[in-house]
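Dropping final-v6.tsv in here (TSV, C-alpha atoms and all ligand atoms):
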chain	number	residue	atom	x	y	z
H	293	MET	CA	-1.56	-7.54	3.81
H	294	LYS	CA	-0.89	-10.75	1.94
H	295	LYS	CA	-1.63	-13.34	-0.67
H	296	LEU	CA	-3.11	-16.65	0.32
H	297	ILE	CA	-4.38	-19.81	-1.27
H	298	SER	CA	-7.89	-21.02	-0.52
H	299	VAL	CA	-10.31	-22.81	-2.88
H	300	THR	CA	-9.78	-19.89	-5.22
H	301	LEU	CA	-6.58	-17.88	-5.12
H	302	LEU	CA	-7.24	-14.91	-2.90
H	303	LEU	CA	-5.28	-11.87	-1.82
H	304	VAL	CA	-6.10	-10.57	1.61
H	305	CYS	CA	-4.65	-7.46	3.11
H	306	PHE	CA	-4.44	-6.71	6.82
H	307	SER	CA	-5.45	-10.18	7.98
H	308	ALA	CA	-2.69	-12.26	9.53
H	309	ALA	CA	-4.64	-15.52	9.50
H	310	PHE	CA	-3.00	-17.42	6.64
H	311	ALA	CA	0.41	-17.67	5.08
H	312	GLN	CA	1.83	-18.63	1.71
H	313	THR	CA	5.55	-18.92	1.13
H	314	LYS	CA	6.82	-17.77	-2.21
H	315	PRO	CA	10.20	-18.17	-3.90
H	316	VAL	CA	12.81	-15.60	-3.03
H	317	LEU	CA	14.91	-14.04	-5.77
H	318	HIS	CA	18.32	-12.56	-5.12
H	319	PRO	CA	19.55	-10.90	-8.30
H	320	THR	CA	23.04	-9.39	-8.32
H	321	ARG	CA	22.88	-5.83	-7.18
H	322	ALA	CA	24.69	-2.87	-5.67
H	323	HIS	CA	23.97	-2.58	-1.97
H	324	ALA	CA	22.16	0.55	-0.89
H	325	SER	CA	22.76	1.98	2.57
H	326	MET	CA	21.63	4.85	4.78
H	327	SER	CA	23.79	7.37	6.63
H	328	PRO	CA	23.18	7.98	10.36
H	329	GLU	CA	21.78	11.41	9.40
H	330	ALA	CA	19.32	9.84	6.95
H	331	LYS	CA	18.24	7.35	9.61
H	332	ALA	CA	17.65	10.15	12.12
H	333	LEU	CA	15.56	12.09	9.57
H	334	LEU	CA	13.58	8.95	8.83
H	335	GLU	CA	12.73	8.47	12.51
H	336	GLU	CA	11.72	12.14	12.71
H	337	ALA	CA	9.41	11.62	9.72
H	338	ILE	CA	7.80	8.61	11.43
H	339	GLY	CA	7.15	10.91	14.37
H	340	VAL	CA	5.36	13.36	12.04
H	341	VAL	CA	3.21	10.57	10.53
H	342	CYS	CA	2.12	9.19	13.89
H	343	THR	CA	1.65	12.61	15.51
H	344	GLN	CA	-0.63	13.53	12.62
H	345	ALA	CA	-2.52	10.31	13.33
H	346	LYS	CA	-3.57	11.93	16.62
H	347	LEU	CA	-4.06	15.51	15.42
H	348	ASP	CA	-5.72	15.08	12.02
H	349	PRO	CA	-9.52	14.68	12.19
H	350	LYS	CA	-9.35	12.72	8.91
H	351	SER	CA	-6.44	10.48	9.93
H	352	SER	CA	-6.65	6.77	9.14
H	353	VAL	CA	-7.43	4.53	12.10
H	354	ALA	CA	-4.53	2.27	13.12
H	355	ILE	CA	-4.76	-1.38	12.04
H	356	ASP	CA	-4.72	-2.75	15.60
H	357	GLU	CA	-7.52	-0.38	16.59
H	358	MET	CA	-9.58	-1.45	13.55
H	359	GLN	CA	-9.07	-5.10	14.44
H	360	ALA	CA	-10.50	-4.49	17.90
H	361	ARG	CA	-13.70	-2.88	16.61
H	362	PRO	CA	-17.06	-4.66	16.37
H	363	SER	CA	-18.29	-5.53	12.85
H	364	LEU	CA	-19.99	-2.69	11.03
H	365	PRO	CA	-23.23	-3.22	9.07
H	366	LEU	CA	-23.23	-2.36	5.35
H	367	GLN	CA	-25.95	0.20	5.89
H	368	SER	CA	-24.17	2.16	8.63
H	369	PRO	CA	-23.47	5.76	7.59
H	370	GLU	CA	-19.68	5.30	8.04
H	371	ALA	CA	-19.59	2.16	5.89
H	372	ARG	CA	-21.74	3.78	3.22
H	373	SER	CA	-19.68	6.92	3.01
H	374	GLY	CA	-16.47	4.85	2.94
H	375	SER	CA	-17.89	2.71	0.19
H	376	GLU	CA	-18.87	5.76	-1.85
H	377	ARG	CA	-15.43	7.23	-1.33
H	378	ALA	CA	-13.74	4.02	-2.50
H	379	GLN	CA	-15.90	3.69	-5.61
H	380	ARG	CA	-15.45	7.38	-6.48
H	381	LEU	CA	-11.67	7.18	-6.14
H	382	LEU	CA	-11.17	3.84	-7.91
H	383	PRO	CA	-10.68	5.38	-11.41
H	384	VAL	CA	-8.17	7.92	-10.03
H	385	ALA	CA	-6.33	5.19	-8.11
H	386	LYS	CA	-6.07	3.03	-11.24
H	387	GLU	CA	-4.50	5.85	-13.21
H	388	LEU	CA	-2.08	6.68	-10.40
H	389	VAL	CA	-1.04	3.03	-10.05
H	390	VAL	CA	-0.28	2.75	-13.76
H	391	ASN	CA	1.89	5.89	-13.55
H	392	SER	CA	3.65	4.62	-10.43
H	393	LEU	CA	4.39	1.26	-12.06
H	394	GLN	CA	5.92	2.99	-15.06
H	395	GLN	CA	7.94	5.25	-12.80
H	396	LEU	CA	9.21	2.30	-10.73
H	397	SER	CA	10.18	0.28	-13.79
H	398	THR	CA	12.40	3.18	-14.87
H	399	GLU	CA	13.74	3.80	-11.37
H	400	TYR	CA	14.68	0.12	-10.96
H	401	ARG	CA	16.08	-0.04	-14.52
H	402	LEU	CA	13.67	-2.67	-15.76
H	403	GLN	CA	12.38	-0.64	-18.69
H	404	ASP	CA	14.95	-2.10	-21.11
H	405	SER	CA	13.90	-5.71	-20.53
H	406	ARG	CA	11.57	-6.84	-23.29
H	407	SER	CA	10.05	-9.61	-21.18
H	408	PHE	CA	9.47	-7.27	-18.24
H	409	ASN	CA	7.81	-4.72	-20.52
H	410	GLN	CA	5.54	-7.40	-21.90
H	411	ARG	CA	4.53	-8.39	-18.35
H	412	LEU	CA	4.12	-4.77	-17.37
H	413	ARG	CA	1.70	-4.20	-20.26
H	414	GLN	CA	-0.38	-7.17	-19.11
H	415	ALA	CA	-0.23	-5.94	-15.52
H	416	ILE	CA	-1.49	-2.52	-16.59
H	417	ALA	CA	-4.32	-4.15	-18.55
H	418	ARG	CA	-5.35	-6.04	-15.38
H	419	VAL	CA	-5.36	-2.79	-13.38
H	420	ASN	CA	-7.44	-1.07	-16.05
H	421	SER	CA	-10.01	-3.86	-16.02
H	422	VAL	CA	-10.89	-3.44	-12.32
H	423	LYS	CA	-14.47	-2.23	-12.20
H	424	ARG	CA	-15.73	-1.91	-8.67
H	425	VAL	CA	-15.35	-2.06	-4.92
H	426	ARG	CA	-17.58	-4.50	-3.09
H	427	PRO	CA	-18.26	-3.55	0.55
H	428	ASP	CA	-18.43	-6.60	2.81
H	429	MET	CA	-19.24	-6.76	6.51
H	430	GLU	CA	-17.55	-10.15	7.08
H	431	SER	CA	-14.23	-8.88	5.72
H	432	ARG	CA	-14.09	-6.49	8.69
H	433	ASP	CA	-10.73	-4.71	8.60
H	434	ASN	CA	-9.43	-6.45	5.46
H	435	ALA	CA	-9.38	-5.61	1.79
H	436	SER	CA	-8.95	-8.49	-0.62
H	437	VAL	CA	-8.89	-9.57	-4.24
H	438	TYR	CA	-10.06	-12.96	-5.48
H	439	LEU	CA	-7.85	-13.62	-8.49
H	440	SER	CA	-10.71	-15.62	-10.00
H	441	ARG	CA	-12.68	-12.34	-9.96
H	442	PRO	CA	-10.01	-9.78	-10.73
H	443	HIS	CA	-12.43	-6.97	-11.54
H	444	VAL	CA	-13.58	-6.51	-7.96
H	445	ILE	CA	-11.85	-5.33	-4.80
H	446	THR	CA	-13.63	-6.63	-1.69
H	447	PHE	CA	-13.43	-4.18	1.17
H	448	GLY	CA	-14.39	-4.81	4.79
H	449	THR	CA	-16.76	-2.22	6.25
H	450	ILE	CA	-14.53	-1.53	9.28
H	451	PHE	CA	-11.68	-0.78	6.91
H	452	LEU	CA	-13.87	1.40	4.66
H	453	ALA	CA	-14.93	3.43	7.68
H	454	GLY	CA	-11.40	3.62	9.15
H	455	LEU	CA	-9.93	5.33	6.06
H	456	ARG	CA	-11.39	8.78	6.58
H	457	SER	CA	-9.60	10.70	3.83
H	458	ASP	CA	-9.21	10.46	0.08
H	459	GLU	CA	-5.47	10.01	0.61
H	460	GLY	CA	-5.93	7.07	3.01
H	461	MET	CA	-8.40	5.43	0.65
H	462	ILE	CA	-6.23	5.90	-2.45
H	463	SER	CA	-3.27	4.31	-0.69
H	464	VAL	CA	-5.21	1.13	0.12
H	465	LEU	CA	-6.90	0.97	-3.29
H	466	ALA	CA	-3.49	1.34	-4.91
H	467	HIS	CA	-2.10	-1.41	-2.67
H	468	GLU	CA	-4.83	-3.81	-3.82
H	469	LEU	CA	-4.41	-2.76	-7.44
H	470	MET	CA	-0.70	-3.57	-7.22
H	471	HIS	CA	-1.62	-7.11	-6.11
H	472	ILE	CA	-3.93	-7.33	-9.12
H	473	ALA	CA	-1.15	-6.00	-11.36
H	474	ASP	CA	1.18	-8.73	-10.11
H	475	GLY	CA	-1.58	-11.26	-10.70
H	476	ASP	CA	-1.61	-14.98	-9.99
H	477	ASN	CA	1.71	-15.55	-11.81
H	478	ASP	CA	3.69	-12.92	-9.91
H	479	SER	CA	4.25	-11.16	-13.24
H	480	LEU	CA	6.07	-8.27	-11.64
H	481	ARG	CA	8.39	-10.42	-9.55
H	482	ALA	CA	11.49	-8.70	-10.96
H	483	LEU	CA	10.24	-5.37	-9.66
H	484	VAL	CA	9.04	-6.83	-6.36
H	485	ALA	CA	12.42	-8.50	-5.78
H	486	ALA	CA	14.30	-5.31	-6.63
H	487	VAL	CA	12.18	-3.22	-4.24
H	488	GLY	CA	12.44	-5.85	-1.49
H	489	ASN	CA	16.20	-6.13	-1.86
H	490	LYS	CA	16.67	-2.39	-1.72
H	491	ALA	CA	14.39	-2.09	1.31
H	492	SER	CA	16.34	-4.93	3.00
H	493	ASP	CA	19.67	-3.24	2.34
H	494	LEU	CA	18.45	0.12	3.58
H	495	THR	CA	16.77	-1.08	6.76
H	496	GLY	CA	18.67	-4.25	7.67
H	497	LEU	CA	15.30	-6.04	7.84
H	498	ALA	CA	14.62	-9.23	5.86
H	499	ILE	CA	12.17	-8.13	3.14
H	500	HIS	CA	11.94	-10.94	0.58
H	501	GLY	CA	9.21	-13.13	-0.89
H	502	GLN	CA	5.73	-12.12	0.22
H	503	ARG	CA	7.10	-9.37	2.46
H	504	GLY	CA	8.66	-7.82	-0.62
H	505	GLU	CA	5.35	-7.89	-2.43
H	506	GLU	CA	3.49	-6.27	0.47
H	507	VAL	CA	6.12	-3.52	0.77
H	508	THR	CA	5.96	-2.94	-3.00
H	509	CYS	CA	2.17	-2.64	-2.79
H	510	ASP	CA	2.55	-0.11	0.02
H	511	LEU	CA	5.21	1.76	-1.93
H	512	VAL	CA	2.88	2.04	-4.92
H	513	GLY	CA	0.19	3.26	-2.50
H	514	ALA	CA	2.45	5.98	-1.09
H	515	MET	CA	3.58	7.05	-4.58
H	516	ALA	CA	-0.02	7.21	-5.79
H	517	VAL	CA	-0.99	9.45	-2.88
H	518	ARG	CA	1.99	11.74	-3.43
H	519	ALA	CA	1.01	12.21	-7.09
H	520	TYR	CA	-2.63	12.75	-6.07
H	521	ILE	CA	-1.62	15.51	-3.64
H	522	VAL	CA	0.39	17.27	-6.35
H	523	SER	CA	-2.62	17.19	-8.68
H	524	THR	CA	-5.16	18.37	-6.07
H	525	PRO	CA	-3.59	21.22	-4.07
H	526	GLY	CA	-5.58	22.31	-1.03
H	527	TYR	CA	-5.36	24.22	2.24
H	528	GLU	CA	-4.15	21.29	4.34
H	529	SER	CA	-0.41	20.79	4.84
H	530	VAL	CA	1.33	18.42	2.45
H	531	ALA	CA	2.76	16.51	5.43
H	532	ARG	CA	-0.70	15.95	6.90
H	533	ARG	CA	-2.00	14.63	3.59
H	534	LEU	CA	1.07	12.46	2.95
H	535	ALA	CA	0.89	11.01	6.45
H	536	ARG	CA	-2.57	9.62	5.68
H	537	SER	CA	-1.06	7.27	3.10
H	538	ILE	CA	0.86	5.30	5.74
H	539	GLN	CA	-0.49	6.18	9.18
H	540	HIS	CA	-2.78	3.14	9.53
H	541	ASN	CA	0.54	1.54	10.51
H	542	CYS	CA	0.90	3.75	13.62
H	543	VAL	CA	-0.06	0.86	15.91
H	544	GLU	CA	0.42	0.34	19.63
H	545	LEU	CA	0.73	-3.43	19.19
H	546	ASP	CA	3.57	-3.70	16.65
H	547	GLU	CA	3.63	-7.30	15.47
H	548	GLY	CA	4.63	-8.77	12.10
H	549	ASP	CA	4.80	-12.32	10.75
H	550	GLU	CA	6.63	-14.31	8.11
H	551	ASP	CA	4.79	-12.57	5.28
H	552	HIS	CA	4.57	-9.10	6.79
H	553	LEU	CA	6.89	-6.65	8.40
H	554	SER	CA	5.43	-5.24	11.59
H	555	PRO	CA	3.36	-2.12	10.82
H	556	ARG	CA	5.93	0.29	12.23
H	557	ASN	CA	8.73	-1.43	10.32
H	558	THR	CA	6.53	-1.12	7.23
H	559	ILE	CA	6.59	2.66	7.67
H	560	ARG	CA	10.37	2.47	8.16
H	561	ALA	CA	10.85	0.48	4.94
H	562	LEU	CA	8.57	2.78	2.92
H	563	LEU	CA	10.32	5.92	4.06
H	564	ALA	CA	13.74	4.36	3.46
H	565	LEU	CA	12.71	3.61	-0.12
H	566	ASN	CA	11.25	7.06	-0.56
H	567	PRO	CA	13.58	9.79	0.79
H	568	SER	CA	11.58	12.57	-0.88
H	569	LEU	CA	8.64	11.52	1.28
H	570	VAL	CA	10.84	11.92	4.36
H	571	ARG	CA	11.84	15.43	3.28
H	572	GLU	CA	8.27	16.49	2.58
H	573	LEU	CA	6.94	15.08	5.85
H	574	ILE	CA	9.56	17.08	7.77
H	575	ASN	CA	9.59	20.26	5.70
H	576	ASP	CA	5.97	20.75	4.61
H	577	ARG	CA	4.31	20.47	8.01
H	578	PHE	CA	2.60	23.88	7.98
Z	1	ZN	ZN	-1.51	-6.78	0.55
Do you think you could lay out the structure here as C-alpha cells?
Amino acid sequence: MKKLISVTLLLVCFSAAFAQTKPVLHPTRAHASMSPEAKALLEEAIGVVCTQAKLDPKSSVAIDEMQARPSLPLQSPEARSGSERAQRLLPVAKELVVNSLQQLSTEYRLQDSRSFNQRLRQAIARVNSVKRVRPDMESRDNASVYLSRPHVITFGTIFLAGLRSDEGMISVLAHELMHIADGDNDSLRALVAAVGNKASDLTGLAIHGQRGEEVTCDLVGAMAVRAYIVSTPGYESVARRLARSIQHNCVELDEGDEDHLSPRNTIRALLALNPSLVRELINDRF
C-alpha cells in the first residue's frame, strides 16, 4: 500500500511497482517498549489471525494469493457482490475513520495543537466528501486514490472479490480513506510520524516516512473494524471478526520494500500498537 507520483498524484495500495520517498520526521519522544510476555502474546495473536484465515469461510484472501490470480471481469458475480459491499459500507467506513482519527489525535496528544486541529478538520472534510467506489478490472488486487479525484476510491476487482466480509472491506476502505485524509500535503504528518515512531520503538523495525503512513492507514483500518464489531454484535466470535481486518497479510511469500513493511511485519506492527486487539484475539476466540 503506498503513495506514488504519476502524471496525477496517485495513491496505490497493495502494488509494489513504484516508490516515492518522503521526508522523515523524528520528534522528541519517550521510547515505548514491549516486555517478553507482551511479545509472546503478540505472536500468539498472529497465530489466531492466520489460523482464522484458514478456518473462516469469509476470511480475506492473502495478498500474495490475490496477486497470483487472473484478472476478474467487472460483471463476474464475485466482483459485483464485492463492489456492492464496498459501496454499501463506504458511509459507515467514513464515519468510523473520522472517529478513529479523533481518537488517535487524543491518544497521541495532538489535540492541543491548534495547527494540527485545523489540519484535522480539513482532513475530516476530505473524508466526508468521498462519494463512491469505482470497480476496475485493470487495478487487479490494488485499491487506489487519485488525489486529483479525491471523491472516488478505485478498487481492483480481484481485491473486491478477495475481501469476503464486511470487516475485511471496512478495513481496506478505512485504509484508503486515511490516505485521502492525509491528502496531497501530508496534512496529518504529525500523527503519521508519531504512530511510525511508536511502532518502530515497539517492534525494532524501521517504520518511518511512507512506511509510517501505510502502518497508520492500517491502524485506522483495524480501529474502524473494532468499532464496527462493537456496534454490530453477532453470533460469530469477536476474534474471527477482528482477524478479518488484518488477515490479508497472512502471506506465504513475506516480502516488503522501502515503502512497506512485509505483510507479516505489518501485522506485528499493528498488534504492537494495539494491545487491546491482541487481548481480544486471544481471549474472545469462542
Ligand atoms: Zn496504502
Item to complete: Just the residues within 12 Å of H:Ala345, please, counting only C-alpha atoms, with nothing from its chain fewer than 2 positions along; format it as an MDAnalysis selection string.
Response: chainID H and resid 338:343 347:355 454:457 460 531:543
Fill in: Contacts of stretch 468-473 of chain H at 9 Å (only C-alpha atoms; same-chain gap of 2+ positions) as number ranges by chain
H: 294-295, 303-305, 385-386, 389, 393, 412, 414-419, 422, 435-437, 439, 442-443, 445, 463-466, 475-476, 478-480, 505-506, 508-510, 512-513
Selection from above, C-alpha atoms, as a PDB file, in the frame of the given file, can you write it?
ATOM      1  CA  LYS H 294      -0.890 -10.750   1.940  1.00  0.00           C
ATOM      2  CA  LYS H 295      -1.630 -13.340  -0.670  1.00  0.00           C
ATOM      3  CA  LEU H 303      -5.280 -11.870  -1.820  1.00  0.00           C
ATOM      4  CA  VAL H 304      -6.100 -10.570   1.610  1.00  0.00           C
ATOM      5  CA  CYS H 305      -4.650  -7.460   3.110  1.00  0.00           C
ATOM      6  CA  ALA H 385      -6.330   5.190  -8.110  1.00  0.00           C
ATOM      7  CA  LYS H 386      -6.070   3.030 -11.240  1.00  0.00           C
ATOM      8  CA  VAL H 389      -1.040   3.030 -10.050  1.00  0.00           C
ATOM      9  CA  LEU H 393       4.390   1.260 -12.060  1.00  0.00           C
ATOM     10  CA  LEU H 412       4.120  -4.770 -17.370  1.00  0.00           C
ATOM     11  CA  GLN H 414      -0.380  -7.170 -19.110  1.00  0.00           C
ATOM     12  CA  ALA H 415      -0.230  -5.940 -15.520  1.00  0.00           C
ATOM     13  CA  ILE H 416      -1.490  -2.520 -16.590  1.00  0.00           C
ATOM     14  CA  ALA H 417      -4.320  -4.150 -18.550  1.00  0.00           C
ATOM     15  CA  ARG H 418      -5.350  -6.040 -15.380  1.00  0.00           C
ATOM     16  CA  VAL H 419      -5.360  -2.790 -13.380  1.00  0.00           C
ATOM     17  CA  VAL H 422     -10.890  -3.440 -12.320  1.00  0.00           C
ATOM     18  CA  ALA H 435      -9.380  -5.610   1.790  1.00  0.00           C
ATOM     19  CA  SER H 436      -8.950  -8.490  -0.620  1.00  0.00           C
ATOM     20  CA  VAL H 437      -8.890  -9.570  -4.240  1.00  0.00           C
ATOM     21  CA  LEU H 439      -7.850 -13.620  -8.490  1.00  0.00           C
ATOM     22  CA  PRO H 442     -10.010  -9.780 -10.730  1.00  0.00           C
ATOM     23  CA  HIS H 443     -12.430  -6.970 -11.540  1.00  0.00           C
ATOM     24  CA  ILE H 445     -11.850  -5.330  -4.800  1.00  0.00           C
ATOM     25  CA  SER H 463      -3.270   4.310  -0.690  1.00  0.00           C
ATOM     26  CA  VAL H 464      -5.210   1.130   0.120  1.00  0.00           C
ATOM     27  CA  LEU H 465      -6.900   0.970  -3.290  1.00  0.00           C
ATOM     28  CA  ALA H 466      -3.490   1.340  -4.910  1.00  0.00           C
ATOM     29  CA  GLY H 475      -1.580 -11.260 -10.700  1.00  0.00           C
ATOM     30  CA  ASP H 476      -1.610 -14.980  -9.990  1.00  0.00           C
ATOM     31  CA  ASP H 478       3.690 -12.920  -9.910  1.00  0.00           C
ATOM     32  CA  SER H 479       4.250 -11.160 -13.240  1.00  0.00           C
ATOM     33  CA  LEU H 480       6.070  -8.270 -11.640  1.00  0.00           C
ATOM     34  CA  GLU H 505       5.350  -7.890  -2.430  1.00  0.00           C
ATOM     35  CA  GLU H 506       3.490  -6.270   0.470  1.00  0.00           C
ATOM     36  CA  THR H 508       5.960  -2.940  -3.000  1.00  0.00           C
ATOM     37  CA  CYS H 509       2.170  -2.640  -2.790  1.00  0.00           C
ATOM     38  CA  ASP H 510       2.550  -0.110   0.020  1.00  0.00           C
ATOM     39  CA  VAL H 512       2.880   2.040  -4.920  1.00  0.00           C
ATOM     40  CA  GLY H 513       0.190   3.260  -2.500  1.00  0.00           C
TER      41      GLY H 513
END
Worksheet item: From the list H:Arg424, H:His552, H:Lys490, H:Arg377, which residue is nearest ligand ZN 1 (chain Z) when using all atoms listed in the file?
Response: H:His552
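Between atom CA of H:Thr558 and atom CA of H:Ile450 there is a distance of 21.2 Å.
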Fill in: Atomic distance atom CA of H:Leu366 - atom CA of H:Pro555, expressed in Å with one decimal
27.1 Å
Response to the item:
Of H:Ser554, H:Gln410, H:Thr524, H:Gln502, the one sitting nearest ligand ZN 1 (chain Z) when using only C-alpha atoms and all ligand atoms is H:Gln502
Item to complete: Determine the nearest neighbour of H:Glu336 from the options H:Arg571, H:Lys423, H:Arg361, H:His467, counting all atoms listed in the file.
Response: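 Using all atoms listed in the file, H:Glu336 sits closest to H:Arg571.
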